[in-house]
Amino acid sequence: MLSQIEVLRPTANASLARVALFDFDGTISLIRSGWFDVMVPMMVEPLLELQTGESEEELTALVEEYVGQLTGRQTIYQMIEFTEQLKKRGAEPLDPLEYKHIYLERLSDKIKNRIAALESEATPPDEMMVPGSRLLLEALHERGMTMYLASGTDQPFMRAEAKLLQVEHFFEGGCFGALDDYESFSKKILIEKIICESGFLGSEFLGFGDGFVEIQNVKEVGGVAVGVATDEPECRQVDLVKRKRLVSVGADWIVPNFSAHEELLSVLFP
C-alpha cells in the first residue's frame, strides 16, 4: 500500500512540539464543505453584470484565485477583495460586511440540513469530519499536546459546530474564530499571543491546515506544519490546487486526510 503522506522536508519532525494548532473547516469539519461553490458564483454574478467584456470563465478564474489565496483568513477579507474588484470596474459596491451577510445566508441555506441532522443525531459526527480526525486528536491529546482551534469562520458558528462534532473538549487551549472587529483577530495574532502569554516557543508549534494562512503563520515562527490538502467532501485524494498553495508556503508534509494517522504520528514523532 502506498503511503498517503507526502514528505516534503525529510529532515523535519515534531519532536519539539508542545502545541498543536488546527484550522477547522476543511481540516477537521466538513459541515461547510461546498462553501467555495457558494462564494464564487455570488461574486461572479455582479462582476458579470458590469459587462466589462470579460467572459464568465475569465471572471470565475479571477475570483477562484483570490478566494483561494485568502482561504484561512477571516471571510471578511474575501469580501474586501471582492469590493476592490467591483471598484476597479467602475461599480459602487456595498460595504464588505453586507456582502458577507449575503454569502452567509446562502451558505446557511446549503448546510442547514447537515446542521439539523447533527442536532437530531441522525448523522453521526464522524460522518461530517475529515476521515481520521478524531483518532488523530485523541492521539495528540494523549501525548499531552496543548491544542488550539483557529478558524476564519465566525467564532459563534465555529464553536457551535465544534460542539456538534463533539471535538471542542480536545482544544483545551481554546477555540477561536472571526470577530466583528476583524482586525483584532487573525491566526498570526493568536500564535503571537500564545507565545507571549503561555510561554511556548515558536519552534514548539505543530500546525494542521488546508489553507495556506495557518501553514505560513506556523512556519514563520519556526514550527512545523502538515498541509491537509482535502479534496472535499470525500477527502480521499489530494486536492492539487490546495497542495500547490500549501507547498508554496513551506508545508513539511501533505496528506489528503488523517486515515493513516498512525503512520503520520510515526513520521511526526520518530
# chains A, B, ... in the order shown; residues from 1 in each chain; ligands from 1
call {"tool": "residues_around", "arguments": {"residues": "Ser29 in chain A", "least_positions_apart": "3", "cutoff": "12 Å", "atoms": "only C-alpha atoms", "output": "VMD selection string"}}
result
chain A and resid 22 to 26 32 to 34 114 to 115 125 to 134 149 151 153 158 to 168 209 to 210 230 232 to 235 257
call {"tool": "residues_around", "arguments": {"residues": "Val38 in chain A", "least_positions_apart": "6", "cutoff": "12 Å", "atoms": "only C-alpha atoms", "output": "number ranges by chain"}}
result
A: 32, 44-45, 63-64, 67, 100, 102-111
call {"tool": "write_last_selection", "arguments": {"atoms": "all heavy atoms", "output": "compact mmCIF listing (two decimals), in the first residue's frame"}}
result
# COMPACT_ATOMS: atom_id res chain seq x y z
N ARG A 32 -19.24 22.69 6.44
CA ARG A 32 -19.32 23.79 5.47
C ARG A 32 -18.72 23.42 4.12
O ARG A 32 -18.44 24.31 3.30
CB ARG A 32 -18.63 25.04 6.04
CG ARG A 32 -19.40 25.61 7.22
CD ARG A 32 -18.70 26.77 7.92
NE ARG A 32 -19.59 27.25 8.98
CZ ARG A 32 -20.31 28.37 8.89
NH1 ARG A 32 -20.21 29.16 7.84
NH2 ARG A 32 -21.13 28.71 9.86
N VAL A 44 -19.11 36.26 -8.85
CA VAL A 44 -19.02 36.32 -10.31
C VAL A 44 -20.25 36.99 -10.91
O VAL A 44 -20.14 37.80 -11.86
CB VAL A 44 -18.84 34.90 -10.91
CG1 VAL A 44 -18.99 34.93 -12.44
CG2 VAL A 44 -17.48 34.33 -10.53
N GLU A 45 -21.43 36.71 -10.36
CA GLU A 45 -22.69 37.26 -10.91
C GLU A 45 -22.66 38.79 -11.02
O GLU A 45 -22.92 39.34 -12.11
CB GLU A 45 -23.87 36.81 -10.05
CG GLU A 45 -24.20 35.32 -10.16
CD GLU A 45 -25.06 34.81 -9.01
OE1 GLU A 45 -25.64 35.65 -8.28
OE2 GLU A 45 -25.14 33.58 -8.84
N VAL A 63 -11.90 35.19 -9.60
CA VAL A 63 -12.48 35.07 -8.26
C VAL A 63 -11.93 33.83 -7.54
O VAL A 63 -11.58 33.89 -6.36
CB VAL A 63 -14.02 35.02 -8.34
CG1 VAL A 63 -14.62 34.72 -6.98
CG2 VAL A 63 -14.55 36.36 -8.86
N GLU A 64 -11.85 32.72 -8.26
CA GLU A 64 -11.34 31.49 -7.64
C GLU A 64 -9.92 31.69 -7.13
O GLU A 64 -9.56 31.17 -6.07
CB GLU A 64 -11.38 30.33 -8.64
CG GLU A 64 -12.78 29.80 -8.89
CD GLU A 64 -12.79 28.64 -9.88
OE1 GLU A 64 -11.76 28.43 -10.57
OE2 GLU A 64 -13.82 27.96 -9.98
N VAL A 67 -10.07 34.11 -3.91
CA VAL A 67 -10.78 33.42 -2.82
C VAL A 67 -9.90 32.32 -2.25
O VAL A 67 -9.77 32.16 -1.04
CB VAL A 67 -12.13 32.86 -3.30
CG1 VAL A 67 -12.71 31.88 -2.28
CG2 VAL A 67 -13.12 33.99 -3.54
N LYS A 100 -20.74 39.91 3.07
CA LYS A 100 -20.50 38.75 3.94
C LYS A 100 -21.83 38.17 4.43
O LYS A 100 -22.02 36.95 4.44
CB LYS A 100 -19.63 39.15 5.13
CG LYS A 100 -19.37 38.01 6.11
CD LYS A 100 -18.54 38.48 7.31
CE LYS A 100 -18.52 37.44 8.41
NZ LYS A 100 -17.75 37.86 9.59
N ILE A 102 -24.75 38.36 2.93
CA ILE A 102 -25.40 37.70 1.78
C ILE A 102 -24.82 36.31 1.59
O ILE A 102 -25.56 35.31 1.41
CB ILE A 102 -25.22 38.54 0.50
CG1 ILE A 102 -25.96 39.87 0.61
CG2 ILE A 102 -25.69 37.75 -0.73
CD1 ILE A 102 -25.64 40.86 -0.49
N TYR A 103 -23.48 36.23 1.64
CA TYR A 103 -22.81 34.93 1.49
C TYR A 103 -23.22 33.96 2.59
O TYR A 103 -23.55 32.79 2.32
CB TYR A 103 -21.29 35.14 1.49
CG TYR A 103 -20.52 33.90 1.85
CD1 TYR A 103 -20.46 32.82 0.97
CD2 TYR A 103 -19.84 33.80 3.07
CE1 TYR A 103 -19.75 31.66 1.30
CE2 TYR A 103 -19.14 32.65 3.40
CZ TYR A 103 -19.10 31.59 2.52
OH TYR A 103 -18.40 30.46 2.85
N LEU A 104 -23.23 34.44 3.84
CA LEU A 104 -23.57 33.56 4.96
C LEU A 104 -25.00 33.05 4.88
O LEU A 104 -25.29 31.92 5.26
CB LEU A 104 -23.33 34.28 6.29
CG LEU A 104 -21.85 34.50 6.66
CD1 LEU A 104 -21.74 35.30 7.95
CD2 LEU A 104 -21.11 33.18 6.79
N GLU A 105 -25.90 33.89 4.36
CA GLU A 105 -27.29 33.46 4.18
C GLU A 105 -27.37 32.33 3.15
O GLU A 105 -28.08 31.34 3.35
CB GLU A 105 -28.16 34.64 3.73
CG GLU A 105 -28.49 35.62 4.86
CD GLU A 105 -29.29 36.81 4.37
OE1 GLU A 105 -29.78 36.76 3.22
OE2 GLU A 105 -29.43 37.79 5.12
N ARG A 106 -26.63 32.48 2.06
CA ARG A 106 -26.63 31.44 1.02
C ARG A 106 -25.99 30.15 1.54
O ARG A 106 -26.49 29.05 1.27
CB ARG A 106 -25.88 31.93 -0.22
CG ARG A 106 -26.57 33.07 -0.96
CD ARG A 106 -25.91 33.31 -2.30
NE ARG A 106 -26.46 34.46 -3.00
CZ ARG A 106 -26.16 34.80 -4.25
NH1 ARG A 106 -25.32 34.06 -4.95
NH2 ARG A 106 -26.71 35.87 -4.81
N LEU A 107 -24.90 30.30 2.27
CA LEU A 107 -24.22 29.12 2.81
C LEU A 107 -25.10 28.43 3.85
O LEU A 107 -25.17 27.19 3.90
CB LEU A 107 -22.88 29.52 3.43
CG LEU A 107 -22.05 28.37 4.01
CD1 LEU A 107 -21.72 27.34 2.93
CD2 LEU A 107 -20.77 28.89 4.66
N SER A 108 -25.77 29.23 4.68
CA SER A 108 -26.65 28.67 5.70
C SER A 108 -27.74 27.81 5.07
O SER A 108 -28.09 26.74 5.58
CB SER A 108 -27.28 29.80 6.53
OG SER A 108 -28.17 29.27 7.47
N ASP A 109 -28.26 28.27 3.94
CA ASP A 109 -29.29 27.51 3.24
C ASP A 109 -28.74 26.18 2.73
O ASP A 109 -29.44 25.16 2.74
CB ASP A 109 -29.83 28.34 2.07
CG ASP A 109 -31.07 27.72 1.46
OD1 ASP A 109 -32.04 27.49 2.19
OD2 ASP A 109 -31.05 27.45 0.23
N LYS A 110 -27.46 26.18 2.34
CA LYS A 110 -26.83 24.97 1.81
C LYS A 110 -26.56 23.94 2.90
O LYS A 110 -26.69 22.72 2.67
CB LYS A 110 -25.51 25.33 1.11
CG LYS A 110 -24.78 24.14 0.48
CD LYS A 110 -23.49 24.59 -0.18
CE LYS A 110 -22.76 23.41 -0.81
NZ LYS A 110 -23.44 22.86 -1.99
N ILE A 111 -26.19 24.42 4.09
CA ILE A 111 -25.75 23.48 5.13
C ILE A 111 -26.78 23.23 6.23
O ILE A 111 -26.52 22.45 7.16
CB ILE A 111 -24.43 23.96 5.78
CG1 ILE A 111 -24.65 25.24 6.61
CG2 ILE A 111 -23.36 24.17 4.73
CD1 ILE A 111 -23.44 25.68 7.42
call {"tool": "select_by_dssp", "arguments": {"residues": "range 3-211 of chain A", "states": "strand (DSSP E or B)", "output": "PyMOL selection string"}}
result
chain A and resi 6-7+19-22+25+29+71+73+129+146-154+174-178+205-209
call {"tool": "select_by_dssp", "arguments": {"residues": "range 30-183 of chain A", "states": "helix (DSSP H, G or I)", "output": "ChimeraX atom specification"}}
result
/A:36-49,56-69,75-88,96-119,125-128,133-142,155-164,168-170,182-183
call {"tool": "closest_residue", "arguments": {"among": "A:Met42, A:Glu49, A:Ala225, A:Leu21", "to": "Leu190 in chain A", "atoms": "only C-alpha atoms"}}
result
A:Leu21
call {"tool": "residues_around", "arguments": {"residues": "Leu264 in chain A", "least_positions_apart": "3", "cutoff": "9 Å", "atoms": "only C-alpha atoms", "output": "VMD selection string"}}
result
chain A and resid 4 to 5 136 255 258 260 to 261 267 to 269
call {"tool": "closest_residue", "arguments": {"among": "A:Ile76, A:Ala116, A:Gly173, A:Leu97", "to": "Lys193 in chain A", "atoms": "only C-alpha atoms"}}
result
A:Gly173
call {"tool": "residues_around", "arguments": {"residues": "Leu70 in chain A", "least_positions_apart": "2", "cutoff": "12 Å", "atoms": "only C-alpha atoms", "output": "PyMOL selection string"}}
result
chain A and resi 36+63-68+72-82+152+210-214+242+245
